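Have a look at the structure below before the remarks.
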Amino acid sequence: MLFDGSMEGLLMAVYHVYVDKEDPILYREKDYVRNLIDEPWMLSYEEEAFQRVKRSMEAKFDVETLTLISYALNHKDPSAPSLVLRYIISCFRNPKNAHNYQDELIMKVTKLSRQVSLESHRFKGFIRFSLVGSVYMAQIDPDHDILSFVAPHFAERYGDMNFIIYDEHRKEAILSRNGKWTLKKDILIDKKLLKEDSNIEKWQQYFTHITIASRMNRKVQKRSMPGRYWKNLPEIKKNIT
């Protein structure tokens, strides 16, 4: 089964596993590599089927389980959707076993979830905005699909700001206005809109002032702020060039 990567698509897969006895093998359409053996088919959304599965999950799964599923589904690993789908089926069979870490499947899904959750938490401190007209712009390039997890944090914290957070790899963006945000896909943003402004200069000045040159420790710095994120951290870029 192929889907668009959404929670709605995942729940449709759950429905077809139970009702149509499909194998629990699920790929995001963009991740699937076609071959001469498999006969993939694209899932279509059905409101009644989606609601049926959603109500069942909310009734039988605890909040921790639902949260784990949400994070793990957004992991970049192409196998993540199949693992999450199998995990959901396992939880339906025995909800009390959802956090049995001696189970190999549960450990795999939990690991995926924790990696996405950790990256989401990190980016709440790594995002840097530039003012373009009346809109604050930020560009990120996370490993996983985390926009929907960081959006509520920034929408609440900067409710009086209009801002855009752009995932340059996935070409998706969070647009927030008056504390309300929406996720837009298939967006191309002009690089000119991501120029540095006085806010960025202040970050650079702050970083320079608090830095003690004799105590610089790149290994510790990279543990706290992994090097793959540095290209969108202006205070770091300036001090390593």
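Chain labels run A, B, ... following the order of the structure tokens; each chain numbers its residues from 1, and ligands are numbered from 1 in the order shown.
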Q: Please provide as a ChimeraX atom specification all residues within 10 Å of Met42 in chain A, with the sequence filter that same-chain residues fewer than 2 positions apart are discarded (counting only C-alpha atoms).
A: /A:1-4,9,26-29,40,44-45
Q | Polymer residues at most 12 Å from Arg52 in chain A, only C-alpha atoms, same-chain spacing of 2 or more positions, as a PyMOL selection string | A | chain A and resi 8+11-12+14-16+18-19+46-50+54-59
Q.
Residues within 10 Å of Ser70 in chain A, please, as a list in words. Count only C-alpha atoms; anything in the same chain fewer than 4 positions from it doesn't count.
A. Ser6, Met7, Glu64, Thr65, Leu66, Asn74, His75, Val84, Ser113, Val116, Ser117 and Phe149 of chain A
(Q) For the helix (DSSP H, G or I) assignment from backbone DSSP, which residues of range 10-121 of chain A qualify? Please present them as an NGL selection string. (A) :A and (10-19 or 47-60 or 63-73 or 80-93 or 95-97 or 104-121)
Q: Can you list, as a list of chain:residue names, all residues belonging to range 3-208 of chain A that DSSP tags as strand (DSSP E or B)?
A: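 So the strand (DSSP E or B) residues in range 3-208 of chain A would be A:Phe3, A:Tyr27, A:Arg28, A:Met42, A:Ser130, A:Leu131, A:Val132, A:Val135, A:Tyr136, A:Met137, A:Ala138, A:Gln139, A:Ile140, A:Phe163, A:Ile164, A:Ile165, A:Tyr166, A:Asp167, A:Glu172, A:Ala173, A:Ile174, A:Leu175, A:Ser176, A:Arg177, A:Lys180, A:Trp181, A:Thr182, A:Leu183, A:Lys184.
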Would you write out those residues with N, CA and C atoms, as a compact mmCIF listing (two decimals), in the first residue's frame?
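Result written to out-v1.txt:
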# COMPACT_ATOMS: atom_id res chain seq x y z
N PHE A 3 0.83 5.62 0.41
CA PHE A 3 0.03 6.72 0.94
C PHE A 3 0.83 8.00 0.90
N TYR A 27 4.17 2.14 2.37
CA TYR A 27 5.24 3.07 2.01
C TYR A 27 4.66 4.44 1.68
N ARG A 28 5.42 5.47 2.02
CA ARG A 28 5.08 6.79 1.49
C ARG A 28 5.32 6.73 -0.01
N MET A 42 -2.36 2.90 -4.47
CA MET A 42 -2.44 4.14 -3.69
C MET A 42 -3.73 4.15 -2.87
N SER A 130 14.25 35.99 10.43
CA SER A 130 14.63 37.28 9.83
C SER A 130 13.35 38.01 9.46
N LEU A 131 13.34 39.31 9.65
CA LEU A 131 12.15 40.10 9.33
C LEU A 131 12.18 40.52 7.86
N VAL A 132 11.15 40.10 7.11
CA VAL A 132 11.00 40.47 5.70
C VAL A 132 9.67 41.18 5.55
N VAL A 135 6.65 40.14 7.85
CA VAL A 135 6.63 38.71 8.13
C VAL A 135 8.01 38.23 8.57
N TYR A 136 8.04 37.41 9.61
CA TYR A 136 9.29 36.82 10.06
C TYR A 136 9.49 35.48 9.34
N MET A 137 10.68 35.32 8.76
CA MET A 137 10.98 34.13 7.96
C MET A 137 12.09 33.31 8.61
N ALA A 138 11.94 31.98 8.55
CA ALA A 138 13.00 31.09 9.04
C ALA A 138 13.09 29.88 8.13
N GLN A 139 14.30 29.42 7.90
CA GLN A 139 14.52 28.25 7.06
C GLN A 139 15.20 27.17 7.88
N ILE A 140 14.71 25.93 7.76
CA ILE A 140 15.31 24.81 8.47
C ILE A 140 15.49 23.64 7.50
N PHE A 163 4.53 34.74 10.86
CA PHE A 163 5.80 34.12 10.53
C PHE A 163 5.63 32.91 9.62
N ILE A 164 6.73 32.57 8.96
CA ILE A 164 6.81 31.39 8.09
C ILE A 164 8.05 30.60 8.48
N ILE A 165 7.88 29.30 8.70
CA ILE A 165 9.01 28.40 8.93
C ILE A 165 9.04 27.44 7.75
N TYR A 166 10.13 27.47 7.01
CA TYR A 166 10.22 26.75 5.74
C TYR A 166 11.18 25.57 5.84
N ASP A 167 10.69 24.39 5.53
CA ASP A 167 11.53 23.19 5.46
C ASP A 167 12.04 23.09 4.02
N GLU A 172 8.04 22.34 2.30
CA GLU A 172 6.83 22.57 3.08
C GLU A 172 7.05 23.76 4.00
N ALA A 173 5.98 24.39 4.42
CA ALA A 173 6.12 25.57 5.28
C ALA A 173 4.95 25.68 6.25
N ILE A 174 5.28 26.21 7.41
CA ILE A 174 4.25 26.59 8.39
C ILE A 174 4.00 28.08 8.22
N LEU A 175 2.74 28.45 8.01
CA LEU A 175 2.35 29.85 7.92
C LEU A 175 1.49 30.18 9.14
N SER A 176 1.93 31.15 9.93
CA SER A 176 1.21 31.50 11.15
C SER A 176 0.80 32.96 11.13
N ARG A 177 -0.46 33.19 11.47
CA ARG A 177 -1.01 34.55 11.53
C ARG A 177 -1.92 34.66 12.74
N LYS A 180 -2.59 31.47 14.76
CA LYS A 180 -3.18 30.32 14.08
C LYS A 180 -2.29 29.92 12.91
N TRP A 181 -1.97 28.64 12.84
CA TRP A 181 -1.02 28.19 11.82
C TRP A 181 -1.62 27.14 10.89
N THR A 182 -1.06 27.07 9.70
CA THR A 182 -1.44 26.06 8.72
C THR A 182 -0.18 25.52 8.06
N LEU A 183 -0.26 24.28 7.61
CA LEU A 183 0.87 23.65 6.92
C LEU A 183 0.60 23.64 5.42
N LYS A 184 1.53 24.18 4.66
CA LYS A 184 1.41 24.22 3.21
C LYS A 184 2.50 23.36 2.58
**Q.** One-decimal distance in Å that lies between CA of Asp31 in chain A and CA of Leu10 in chain A
**A.** 14.8 Å
Q | Exercise: Phe61 in chain A partners within 12 Å, only C-alpha atoms, chain neighbours under 4 positions left out, as a ChimeraX atom specification | A | /A:53-57,65-69,87-99
(Q) Please determine, counting only C-alpha atoms, which residue among A:Lys185, A:Arg228, A:His153, A:Arg170 has the shortest atom-to-atom distance to His121 in chain A. (A)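 Comparing A:Lys185, A:Arg228, A:His153, A:Arg170 against His121 in chain A, the winner is A:His153.
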